[in-house]
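Content type compact mmCIF, N, CA and C atoms and all ligand atoms, from the file data.txt:
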# COMPACT_ATOMS: atom_id res chain seq x y z
N MET A 79 0.84 -1.21 0.00
CA MET A 79 0.00 0.00 0.00
C MET A 79 0.87 1.25 0.00
N GLN A 80 0.45 2.21 -0.75
CA GLN A 80 1.18 3.47 -0.76
C GLN A 80 0.20 4.63 -0.83
N ALA A 81 0.72 5.82 -0.55
CA ALA A 81 -0.11 7.02 -0.60
C ALA A 81 -0.66 7.20 -2.00
N ALA A 82 -1.91 7.69 -2.08
CA ALA A 82 -2.53 7.87 -3.39
C ALA A 82 -3.50 9.03 -3.32
N ALA A 83 -4.01 9.42 -4.47
CA ALA A 83 -5.00 10.50 -4.52
C ALA A 83 -6.39 9.89 -4.57
N CYS A 84 -7.33 10.59 -3.95
CA CYS A 84 -8.72 10.13 -4.01
C CYS A 84 -9.19 10.15 -5.46
N ASN A 85 -9.81 9.09 -5.88
CA ASN A 85 -10.29 8.97 -7.25
C ASN A 85 -11.46 9.88 -7.56
N PHE A 86 -12.06 10.43 -6.54
CA PHE A 86 -13.29 11.20 -6.75
C PHE A 86 -13.05 12.70 -6.61
N CYS A 87 -12.36 13.12 -5.53
CA CYS A 87 -12.13 14.56 -5.34
C CYS A 87 -10.68 14.94 -5.58
N GLY A 88 -9.79 13.97 -5.73
CA GLY A 88 -8.41 14.25 -6.07
C GLY A 88 -7.51 14.62 -4.89
N LYS A 89 -8.06 14.59 -3.69
CA LYS A 89 -7.28 14.93 -2.52
C LYS A 89 -6.16 13.91 -2.32
N GLN A 90 -4.96 14.44 -1.95
CA GLN A 90 -3.84 13.53 -1.67
C GLN A 90 -4.07 12.85 -0.31
N LEU A 91 -3.90 11.57 -0.28
CA LEU A 91 -4.17 10.82 0.95
C LEU A 91 -2.90 10.16 1.44
N THR A 92 -2.71 10.14 2.74
CA THR A 92 -1.62 9.35 3.31
C THR A 92 -2.10 7.91 3.43
N VAL A 93 -1.14 7.03 3.68
CA VAL A 93 -1.44 5.59 3.66
C VAL A 93 -2.63 5.24 4.56
N ASP A 94 -2.67 5.86 5.74
CA ASP A 94 -3.73 5.48 6.66
C ASP A 94 -5.07 6.14 6.34
N GLN A 95 -5.09 7.01 5.34
CA GLN A 95 -6.36 7.63 4.93
C GLN A 95 -6.98 6.94 3.71
N VAL A 96 -6.21 6.06 3.10
CA VAL A 96 -6.69 5.44 1.85
C VAL A 96 -7.79 4.43 2.15
N LEU A 97 -8.91 4.60 1.46
CA LEU A 97 -10.00 3.62 1.55
C LEU A 97 -10.29 3.13 0.14
N TYR A 98 -10.89 1.96 0.05
CA TYR A 98 -11.24 1.42 -1.26
C TYR A 98 -12.74 1.23 -1.35
N THR A 99 -13.27 1.64 -2.49
CA THR A 99 -14.70 1.40 -2.72
C THR A 99 -14.90 -0.05 -3.11
N ALA A 100 -16.16 -0.46 -3.22
CA ALA A 100 -16.48 -1.85 -3.57
C ALA A 100 -15.89 -2.23 -4.92
N ASP A 101 -15.76 -1.25 -5.82
CA ASP A 101 -15.15 -1.56 -7.12
C ASP A 101 -13.66 -1.21 -7.14
N ALA A 102 -13.03 -1.20 -5.95
CA ALA A 102 -11.58 -1.11 -5.81
C ALA A 102 -10.98 0.20 -6.27
N ARG A 103 -11.73 1.30 -6.18
CA ARG A 103 -11.16 2.60 -6.46
C ARG A 103 -10.75 3.26 -5.16
N VAL A 104 -9.68 4.06 -5.23
CA VAL A 104 -9.19 4.75 -4.05
C VAL A 104 -10.13 5.90 -3.71
N ALA A 105 -10.47 6.02 -2.45
CA ALA A 105 -11.36 7.12 -2.05
C ALA A 105 -10.94 7.64 -0.68
N CYS A 106 -11.13 8.96 -0.48
CA CYS A 106 -10.94 9.50 0.85
C CYS A 106 -12.17 9.13 1.70
N ARG A 107 -12.14 9.46 2.96
CA ARG A 107 -13.22 9.02 3.83
C ARG A 107 -14.57 9.62 3.41
N ASP A 108 -14.57 10.92 3.06
CA ASP A 108 -15.82 11.58 2.67
C ASP A 108 -16.41 10.97 1.40
N CYS A 109 -15.52 10.79 0.41
CA CYS A 109 -16.02 10.27 -0.87
C CYS A 109 -16.47 8.82 -0.72
N ASN A 110 -15.75 8.07 0.09
CA ASN A 110 -16.12 6.68 0.30
C ASN A 110 -17.52 6.59 0.90
N ALA A 111 -17.82 7.48 1.84
CA ALA A 111 -19.15 7.49 2.45
C ALA A 111 -20.22 7.81 1.42
N LYS A 112 -19.92 8.77 0.53
CA LYS A 112 -20.89 9.15 -0.51
C LYS A 112 -21.12 7.99 -1.48
N VAL A 113 -20.00 7.36 -1.87
CA VAL A 113 -20.12 6.24 -2.81
C VAL A 113 -20.93 5.12 -2.17
N ASP A 114 -20.68 4.88 -0.91
CA ASP A 114 -21.41 3.86 -0.17
C ASP A 114 -22.91 4.11 -0.23
N LEU A 115 -23.27 5.37 0.00
CA LEU A 115 -24.67 5.77 0.01
C LEU A 115 -25.30 5.54 -1.36
N VAL A 116 -24.58 5.96 -2.41
CA VAL A 116 -25.09 5.79 -3.77
C VAL A 116 -25.25 4.31 -4.07
N GLN A 117 -24.27 3.51 -3.63
CA GLN A 117 -24.36 2.09 -3.91
C GLN A 117 -25.52 1.43 -3.18
N THR A 118 -25.80 1.92 -1.98
CA THR A 118 -26.96 1.40 -1.26
C THR A 118 -28.24 1.76 -2.01
N ASP A 119 -28.32 3.01 -2.48
CA ASP A 119 -29.50 3.44 -3.25
C ASP A 119 -29.64 2.63 -4.53
N MET A 120 -28.49 2.36 -5.16
CA MET A 120 -28.51 1.56 -6.38
C MET A 120 -29.05 0.17 -6.10
N LYS A 121 -28.64 -0.36 -4.95
CA LYS A 121 -29.06 -1.71 -4.60
C LYS A 121 -30.59 -1.76 -4.45
N VAL A 122 -31.15 -0.74 -3.81
CA VAL A 122 -32.61 -0.69 -3.66
C VAL A 122 -33.26 -0.63 -5.04
N GLY A 123 -32.69 0.24 -5.91
CA GLY A 123 -33.20 0.35 -7.27
C GLY A 123 -33.13 -0.98 -7.99
N HIS A 124 -32.00 -1.66 -7.86
CA HIS A 124 -31.84 -2.94 -8.55
C HIS A 124 -32.79 -4.00 -7.98
N ASN A 125 -33.09 -3.88 -6.70
CA ASN A 125 -34.04 -4.82 -6.12
C ASN A 125 -35.42 -4.67 -6.76
N ILE A 126 -35.79 -3.41 -7.06
CA ILE A 126 -37.08 -3.17 -7.72
C ILE A 126 -37.07 -3.84 -9.09
N ARG A 127 -35.95 -3.64 -9.81
CA ARG A 127 -35.83 -4.25 -11.13
C ARG A 127 -35.83 -5.78 -11.03
N ASN A 128 -35.06 -6.30 -10.07
CA ASN A 128 -34.99 -7.75 -9.92
C ASN A 128 -36.34 -8.35 -9.55
N ALA A 129 -37.15 -7.58 -8.81
CA ALA A 129 -38.48 -8.07 -8.44
C ALA A 129 -39.31 -8.31 -9.69
N SER A 130 -39.18 -7.43 -10.69
CA SER A 130 -39.97 -7.62 -11.91
C SER A 130 -39.43 -8.81 -12.70
N PHE A 131 -38.10 -9.00 -12.68
CA PHE A 131 -37.52 -10.16 -13.37
C PHE A 131 -37.96 -11.45 -12.66
N TYR A 132 -37.94 -11.40 -11.34
CA TYR A 132 -38.39 -12.57 -10.59
C TYR A 132 -39.85 -12.87 -10.91
N ALA A 133 -40.67 -11.80 -10.99
CA ALA A 133 -42.11 -11.97 -11.23
C ALA A 133 -42.35 -12.74 -12.52
N ILE A 134 -41.64 -12.36 -13.57
CA ILE A 134 -41.89 -13.02 -14.86
C ILE A 134 -41.33 -14.44 -14.85
N GLY A 135 -40.19 -14.62 -14.18
CA GLY A 135 -39.62 -15.96 -14.06
C GLY A 135 -40.54 -16.89 -13.30
N ALA A 136 -41.07 -16.38 -12.19
CA ALA A 136 -41.97 -17.19 -11.36
C ALA A 136 -43.26 -17.47 -12.11
N ALA A 137 -43.73 -16.48 -12.88
CA ALA A 137 -44.97 -16.69 -13.64
C ALA A 137 -44.78 -17.83 -14.64
N GLY A 138 -43.62 -17.86 -15.31
CA GLY A 138 -43.33 -18.95 -16.24
C GLY A 138 -43.23 -20.28 -15.51
N LEU A 139 -42.55 -20.25 -14.38
CA LEU A 139 -42.36 -21.46 -13.58
C LEU A 139 -43.70 -22.02 -13.09
N SER A 140 -44.66 -21.12 -12.83
CA SER A 140 -45.92 -21.54 -12.20
C SER A 140 -46.70 -22.51 -13.08
N PHE A 141 -46.39 -22.55 -14.39
CA PHE A 141 -47.05 -23.53 -15.25
C PHE A 141 -46.58 -24.95 -14.93
N ILE A 142 -45.34 -25.06 -14.44
CA ILE A 142 -44.73 -26.37 -14.22
C ILE A 142 -44.81 -26.76 -12.76
N PHE A 143 -44.55 -25.79 -11.91
CA PHE A 143 -44.37 -26.07 -10.49
C PHE A 143 -45.08 -24.98 -9.71
N ASN A 144 -46.16 -25.33 -9.00
CA ASN A 144 -46.95 -24.27 -8.37
C ASN A 144 -47.68 -24.80 -7.13
N PRO A 145 -46.91 -25.26 -6.13
CA PRO A 145 -47.58 -25.83 -4.94
C PRO A 145 -48.44 -24.79 -4.25
N ILE A 146 -49.69 -25.18 -4.00
CA ILE A 146 -50.72 -24.31 -3.41
C ILE A 146 -50.63 -22.86 -3.88
N PHE A 147 -50.40 -22.70 -5.18
CA PHE A 147 -50.37 -21.38 -5.86
C PHE A 147 -49.30 -20.45 -5.31
N LEU A 148 -48.35 -20.98 -4.53
CA LEU A 148 -47.34 -20.11 -3.92
C LEU A 148 -46.54 -19.36 -4.97
N VAL A 149 -46.22 -20.03 -6.07
CA VAL A 149 -45.39 -19.40 -7.09
C VAL A 149 -46.18 -18.27 -7.76
N THR A 150 -47.45 -18.53 -8.03
CA THR A 150 -48.30 -17.48 -8.62
C THR A 150 -48.42 -16.30 -7.66
N ILE A 151 -48.65 -16.61 -6.39
CA ILE A 151 -48.83 -15.53 -5.40
C ILE A 151 -47.56 -14.70 -5.28
N SER A 152 -46.40 -15.36 -5.17
CA SER A 152 -45.16 -14.60 -5.01
C SER A 152 -44.84 -13.82 -6.28
N SER A 153 -45.21 -14.36 -7.42
CA SER A 153 -44.99 -13.65 -8.67
C SER A 153 -45.84 -12.38 -8.72
N MET A 154 -47.09 -12.50 -8.28
CA MET A 154 -47.98 -11.33 -8.29
C MET A 154 -47.49 -10.25 -7.33
N ILE A 155 -47.05 -10.70 -6.15
CA ILE A 155 -46.56 -9.73 -5.17
C ILE A 155 -45.36 -8.98 -5.73
N SER A 156 -44.43 -9.70 -6.34
CA SER A 156 -43.23 -9.07 -6.90
C SER A 156 -43.59 -8.12 -8.04
N ALA A 157 -44.51 -8.54 -8.88
CA ALA A 157 -44.90 -7.71 -10.02
C ALA A 157 -45.54 -6.41 -9.53
N ILE A 158 -46.43 -6.53 -8.56
CA ILE A 158 -47.12 -5.34 -8.05
C ILE A 158 -46.12 -4.44 -7.32
N TYR A 159 -45.21 -5.07 -6.55
CA TYR A 159 -44.18 -4.29 -5.86
C TYR A 159 -43.35 -3.49 -6.86
N SER A 160 -42.87 -4.15 -7.91
CA SER A 160 -41.98 -3.44 -8.85
C SER A 160 -42.75 -2.36 -9.60
N LEU A 161 -44.02 -2.62 -9.92
CA LEU A 161 -44.82 -1.60 -10.63
C LEU A 161 -45.04 -0.37 -9.77
N THR A 162 -45.32 -0.56 -8.49
CA THR A 162 -45.59 0.59 -7.63
C THR A 162 -44.28 1.27 -7.23
N ALA A 163 -43.23 0.47 -6.97
CA ALA A 163 -41.98 1.05 -6.48
C ALA A 163 -41.26 1.86 -7.55
N VAL A 164 -41.40 1.45 -8.79
CA VAL A 164 -40.62 2.09 -9.85
C VAL A 164 -41.06 3.53 -10.07
N ASN A 165 -42.26 3.88 -9.68
CA ASN A 165 -42.75 5.24 -9.90
C ASN A 165 -43.12 5.96 -8.61
N ARG A 166 -42.74 5.41 -7.47
CA ARG A 166 -43.17 6.01 -6.22
C ARG A 166 -42.51 7.37 -6.02
N ARG A 167 -43.30 8.35 -5.72
CA ARG A 167 -42.79 9.69 -5.46
C ARG A 167 -41.94 9.69 -4.20
N GLY A 168 -40.84 10.44 -4.24
CA GLY A 168 -39.97 10.52 -3.07
C GLY A 168 -38.90 9.43 -3.06
N ASP A 169 -39.03 8.47 -3.95
CA ASP A 169 -38.04 7.40 -4.02
C ASP A 169 -37.10 7.59 -5.21
N GLU A 170 -37.01 8.81 -5.72
CA GLU A 170 -36.19 9.05 -6.91
C GLU A 170 -34.74 8.68 -6.68
N ARG A 171 -34.29 8.81 -5.44
CA ARG A 171 -32.88 8.46 -5.20
C ARG A 171 -32.62 6.98 -5.43
N PHE A 172 -33.65 6.17 -5.36
CA PHE A 172 -33.49 4.75 -5.70
C PHE A 172 -33.77 4.52 -7.19
N THR A 173 -34.88 5.12 -7.66
CA THR A 173 -35.33 4.78 -9.01
C THR A 173 -34.52 5.48 -10.09
N GLN A 174 -33.74 6.54 -9.73
CA GLN A 174 -32.91 7.19 -10.75
C GLN A 174 -31.89 6.21 -11.32
N HIS A 175 -31.54 5.19 -10.57
CA HIS A 175 -30.54 4.22 -11.04
C HIS A 175 -31.13 3.18 -11.97
N ILE A 176 -32.45 3.16 -12.09
CA ILE A 176 -33.07 2.14 -12.95
C ILE A 176 -33.93 2.78 -14.03
N GLN A 177 -33.68 4.08 -14.32
CA GLN A 177 -34.47 4.76 -15.35
C GLN A 177 -34.43 4.01 -16.67
N LYS A 178 -33.23 3.56 -17.05
CA LYS A 178 -33.10 2.92 -18.35
C LYS A 178 -33.76 1.54 -18.36
N ASP A 179 -34.04 1.00 -17.19
CA ASP A 179 -34.67 -0.32 -17.10
C ASP A 179 -36.18 -0.24 -16.95
N LYS A 180 -36.70 0.99 -16.90
CA LYS A 180 -38.13 1.15 -16.60
C LYS A 180 -39.01 0.40 -17.58
N GLY A 181 -38.69 0.51 -18.86
CA GLY A 181 -39.48 -0.18 -19.88
C GLY A 181 -39.49 -1.68 -19.63
N ALA A 182 -38.31 -2.22 -19.35
CA ALA A 182 -38.20 -3.66 -19.12
C ALA A 182 -38.95 -4.06 -17.85
N ILE A 183 -38.86 -3.19 -16.83
CA ILE A 183 -39.55 -3.49 -15.57
C ILE A 183 -41.06 -3.54 -15.80
N TYR A 184 -41.59 -2.53 -16.52
CA TYR A 184 -43.03 -2.52 -16.82
C TYR A 184 -43.42 -3.75 -17.61
N ALA A 185 -42.62 -4.03 -18.65
CA ALA A 185 -42.95 -5.16 -19.52
C ALA A 185 -42.98 -6.46 -18.72
N CYS A 186 -41.92 -6.69 -17.93
CA CYS A 186 -41.84 -7.94 -17.17
C CYS A 186 -43.00 -8.05 -16.18
N ALA A 187 -43.25 -6.95 -15.46
CA ALA A 187 -44.26 -7.01 -14.40
C ALA A 187 -45.65 -7.20 -15.01
N ILE A 188 -45.92 -6.51 -16.12
CA ILE A 188 -47.26 -6.61 -16.72
C ILE A 188 -47.46 -7.98 -17.35
N ILE A 189 -46.43 -8.47 -18.05
CA ILE A 189 -46.54 -9.82 -18.64
C ILE A 189 -46.73 -10.85 -17.51
N ALA A 190 -45.99 -10.65 -16.42
CA ALA A 190 -46.12 -11.58 -15.28
C ALA A 190 -47.55 -11.57 -14.76
N LEU A 191 -48.14 -10.39 -14.64
CA LEU A 191 -49.52 -10.30 -14.14
C LEU A 191 -50.49 -10.98 -15.10
N VAL A 192 -50.26 -10.80 -16.41
CA VAL A 192 -51.14 -11.43 -17.39
C VAL A 192 -51.02 -12.95 -17.28
N ILE A 193 -49.77 -13.45 -17.20
CA ILE A 193 -49.57 -14.91 -17.08
C ILE A 193 -50.24 -15.41 -15.80
N ASN A 194 -50.08 -14.67 -14.71
CA ASN A 194 -50.69 -15.08 -13.45
C ASN A 194 -52.21 -15.15 -13.59
N ALA A 195 -52.77 -14.16 -14.28
CA ALA A 195 -54.23 -14.15 -14.48
C ALA A 195 -54.64 -15.39 -15.26
N ILE A 196 -53.87 -15.73 -16.31
CA ILE A 196 -54.19 -16.91 -17.12
C ILE A 196 -54.12 -18.17 -16.25
N VAL A 197 -53.04 -18.27 -15.43
CA VAL A 197 -52.88 -19.44 -14.57
C VAL A 197 -54.06 -19.56 -13.62
N ILE A 198 -54.47 -18.43 -13.03
CA ILE A 198 -55.59 -18.46 -12.08
C ILE A 198 -56.87 -18.89 -12.78
N ILE A 199 -57.10 -18.39 -14.01
CA ILE A 199 -58.29 -18.78 -14.77
C ILE A 199 -58.24 -20.27 -15.08
N LEU A 200 -57.07 -20.76 -15.50
CA LEU A 200 -56.92 -22.19 -15.81
C LEU A 200 -57.21 -23.04 -14.58
N ILE A 201 -56.70 -22.57 -13.43
CA ILE A 201 -56.92 -23.33 -12.20
C ILE A 201 -58.41 -23.37 -11.86
N PHE A 202 -59.08 -22.23 -12.04
CA PHE A 202 -60.52 -22.19 -11.76
C PHE A 202 -61.28 -23.12 -12.70
N ILE A 203 -60.88 -23.14 -13.97
CA ILE A 203 -61.54 -24.03 -14.93
C ILE A 203 -61.32 -25.48 -14.51
N ALA A 204 -60.07 -25.80 -14.12
CA ALA A 204 -59.75 -27.16 -13.71
C ALA A 204 -60.57 -27.56 -12.49
N ILE A 205 -60.66 -26.66 -11.52
CA ILE A 205 -61.41 -26.96 -10.30
C ILE A 205 -62.89 -27.16 -10.63
N SER A 206 -63.46 -26.30 -11.47
CA SER A 206 -64.89 -26.40 -11.75
C SER A 206 -65.18 -27.67 -12.55
N GLN A 207 -64.24 -28.15 -13.37
CA GLN A 207 -64.46 -29.39 -14.11
C GLN A 207 -64.40 -30.59 -13.19
N VAL A 208 -63.43 -30.55 -12.25
CA VAL A 208 -63.31 -31.67 -11.31
C VAL A 208 -64.58 -31.78 -10.48
N SER A 209 -65.09 -30.62 -10.01
CA SER A 209 -66.24 -30.67 -9.10
C SER A 209 -67.54 -30.96 -9.86
N SER A 210 -67.55 -30.79 -11.18
CA SER A 210 -68.78 -31.07 -11.92
C SER A 210 -68.78 -32.49 -12.50
N GLN A 211 -67.68 -33.22 -12.23
CA GLN A 211 -67.62 -34.58 -12.75
C GLN A 211 -68.53 -35.51 -11.93
N PRO A 212 -69.08 -36.52 -12.57
CA PRO A 212 -69.94 -37.45 -11.84
C PRO A 212 -69.19 -38.18 -10.75
N LYS A 213 -69.90 -38.56 -9.71
CA LYS A 213 -69.26 -39.16 -8.55
C LYS A 213 -68.82 -40.60 -8.81
N HIS A 214 -69.53 -41.32 -9.69
CA HIS A 214 -69.17 -42.72 -9.93
C HIS A 214 -68.06 -42.81 -10.95
N TYR A 215 -66.95 -43.35 -10.50
CA TYR A 215 -65.79 -43.46 -11.37
C TYR A 215 -65.85 -44.76 -12.13
N GLY A 216 -65.00 -44.91 -13.09
CA GLY A 216 -64.93 -46.15 -13.85
C GLY A 216 -65.70 -46.06 -15.16
N GLU A 217 -66.63 -45.12 -15.23
CA GLU A 217 -67.34 -44.92 -16.48
C GLU A 217 -66.76 -43.70 -17.18
N PHE A 218 -66.66 -43.79 -18.48
CA PHE A 218 -66.10 -42.66 -19.21
C PHE A 218 -67.23 -41.88 -19.86
N GLU A 219 -67.59 -40.78 -19.23
CA GLU A 219 -68.69 -40.00 -19.78
C GLU A 219 -68.19 -38.80 -20.55
N TYR A 220 -66.92 -38.47 -20.30
CA TYR A 220 -66.37 -37.33 -21.02
C TYR A 220 -65.55 -37.82 -22.19
N ARG A 221 -65.63 -37.15 -23.25
CA ARG A 221 -64.81 -37.53 -24.37
C ARG A 221 -64.21 -36.29 -24.96
ZN ZN B 1 -12.35 12.27 -1.98

Go ahead and render the structure in this file as structure tokens.
Amino acid sequence: MQAAACNFCGKQLTVDQVLYTADARVACRDCNAKVDLVQTDMKVGHNIRNASFYAIGAAGLSFIFNPIFLVTISSMISAIYSLTAVNRRGDERFTQHIQKDKGAIYACAIIALVINAIVIILIFIAISQVSSQPKHYGEFEYR
């Protein structure tokens, strides 16, 4: 380790003042704190984006694997969360980091909701067919 200049404000730092950001850039204590804050905000923003990606992934998965509709339910929660969070007033410090992803977030969340709606309708159809079937088994009345 040797003395270096802060990568952000250019201040000369002695060895014991040198800090490293998560992406390994040299920072003074003040700049490191600011970068930390921005990275935390970014993380929240990315969580909103990831929620929409999860929603569409779970919606697709729910066709194959959907114990007690848990996958559909969690997909809907994530989709609704990402849709509301991406435009929430006062949260610009988080959402400014995902502006370029907004279109993708909307698309994923809305498609996820549509898929979830289809899954729920299919489940209702399946349930209503099972319950309308005759009680005596062994005879084939449906074709
Ligand atoms: Zn600095």

Let me have all residues with an atom within 8 Å of ligand ZN 1 (chain B), counting only N, CA and C atoms and all ligand atoms, laid out as a ChimeraX atom specification.
-> /A:83-90,104-110

Backbone DSSP call of alpha helix (DSSP H) for chain A, listed as a PyMOL selection string | chain A and resi 107-139+148-163+170-173+180-209

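Of the residues in chain A, those that DSSP places in strand (DSSP E or B) on the basis of the backbone are Ala82, Ala83, Gln90, Leu91, Leu97, Tyr98, Val104 and Ala105 of chain A.
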
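Close contacts of Val197 of chain A, defined as residues with an atom at most 8 Å away when counting all atoms listed in the file, with chain neighbours fewer than 5 positions off set aside, comprise Ser140, Phe141, Thr150, Leu191, Val192, Phe202 and Ile203 of chain A.
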
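Picture a line from atom CA of Gly138 of chain A to atom CA of Ile193 of chain A; it runs 7.5 Å.
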
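Minimum atom-to-atom distances from A:Ala190, A:Leu97, A:Leu148, A:Leu161 to Ile134 of chain A were compared using all atoms listed in the file, and the lowest value belongs to A:Ala190.
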
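Among the candidate residues A:Gln174, A:Thr162, A:Asn144, A:Ser156, the one lying nearest to Gly123 of chain A is A:Gln174, with distances computed using all atoms listed in the file.
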
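Take the candidates A:Ile146, A:Val116, A:Ile155, A:Val208 and check each one against Tyr132 of chain A using only C-alpha atoms; the shortest distance goes to A:Ile155.
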
Using all atoms listed in the file, which residue out of A:Ala81, A:Ala133, A:Val113, A:Val164 lies closest to Ser152 of chain A?
-> A:Ala133

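The spacing separating atom CA of Val149 of chain A from atom CA of Ala137 of chain A amounts to 7.1 Å.
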
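Distances from A:Ala111, A:Ala204, A:Met120, A:Ala157 to His175 of chain A were compared using only N, CA and C atoms, and the smallest one belongs to A:Met120.
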
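In this comparison, which uses only N, CA and C atoms, the residue of A:Ser153, A:Thr92, A:Ser210, A:Thr173 approaching Val122 of chain A most closely is A:Thr173.
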
Separation of atom C of Ala182 of chain A from atom N of Arg167 of chain A, in Å and rounded to one decimal = 17.9 Å

Shell of 10 Å around His124 of chain A, only C-alpha atoms, local chain residues under 2 positions omitted, as an MDAnalysis selection string | chainID A and resid 118:122 126:130 172:173 175:176 179

Output the selection as a compact mmCIF listing (two decimals), keeping the file's coordinate frame - N, CA and C atoms for each residue.
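Listed below is the output, part-v2.txt:
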# COMPACT_ATOMS: atom_id res chain seq x y z
N THR A 118 -25.80 1.92 -1.98
CA THR A 118 -26.96 1.40 -1.26
C THR A 118 -28.24 1.76 -2.01
N ASP A 119 -28.32 3.01 -2.48
CA ASP A 119 -29.50 3.44 -3.25
C ASP A 119 -29.64 2.63 -4.53
N MET A 120 -28.49 2.36 -5.16
CA MET A 120 -28.51 1.56 -6.38
C MET A 120 -29.05 0.17 -6.10
N LYS A 121 -28.64 -0.36 -4.95
CA LYS A 121 -29.06 -1.71 -4.60
C LYS A 121 -30.59 -1.76 -4.45
N VAL A 122 -31.15 -0.74 -3.81
CA VAL A 122 -32.61 -0.69 -3.66
C VAL A 122 -33.26 -0.63 -5.04
N ILE A 126 -35.79 -3.41 -7.06
CA ILE A 126 -37.08 -3.17 -7.72
C ILE A 126 -37.07 -3.84 -9.09
N ARG A 127 -35.95 -3.64 -9.81
CA ARG A 127 -35.83 -4.25 -11.13
C ARG A 127 -35.83 -5.78 -11.03
N ASN A 128 -35.06 -6.30 -10.07
CA ASN A 128 -34.99 -7.75 -9.92
C ASN A 128 -36.34 -8.35 -9.55
N ALA A 129 -37.15 -7.58 -8.81
CA ALA A 129 -38.48 -8.07 -8.44
C ALA A 129 -39.31 -8.31 -9.69
N SER A 130 -39.18 -7.43 -10.69
CA SER A 130 -39.97 -7.62 -11.91
C SER A 130 -39.43 -8.81 -12.70
N PHE A 172 -33.65 6.17 -5.36
CA PHE A 172 -33.49 4.75 -5.70
C PHE A 172 -33.77 4.52 -7.19
N THR A 173 -34.88 5.12 -7.66
CA THR A 173 -35.33 4.78 -9.01
C THR A 173 -34.52 5.48 -10.09
N HIS A 175 -31.54 5.19 -10.57
CA HIS A 175 -30.54 4.22 -11.04
C HIS A 175 -31.13 3.18 -11.97
N ILE A 176 -32.45 3.16 -12.09
CA ILE A 176 -33.07 2.14 -12.95
C ILE A 176 -33.93 2.78 -14.03
N ASP A 179 -34.04 1.00 -17.19
CA ASP A 179 -34.67 -0.32 -17.10
C ASP A 179 -36.18 -0.24 -16.95
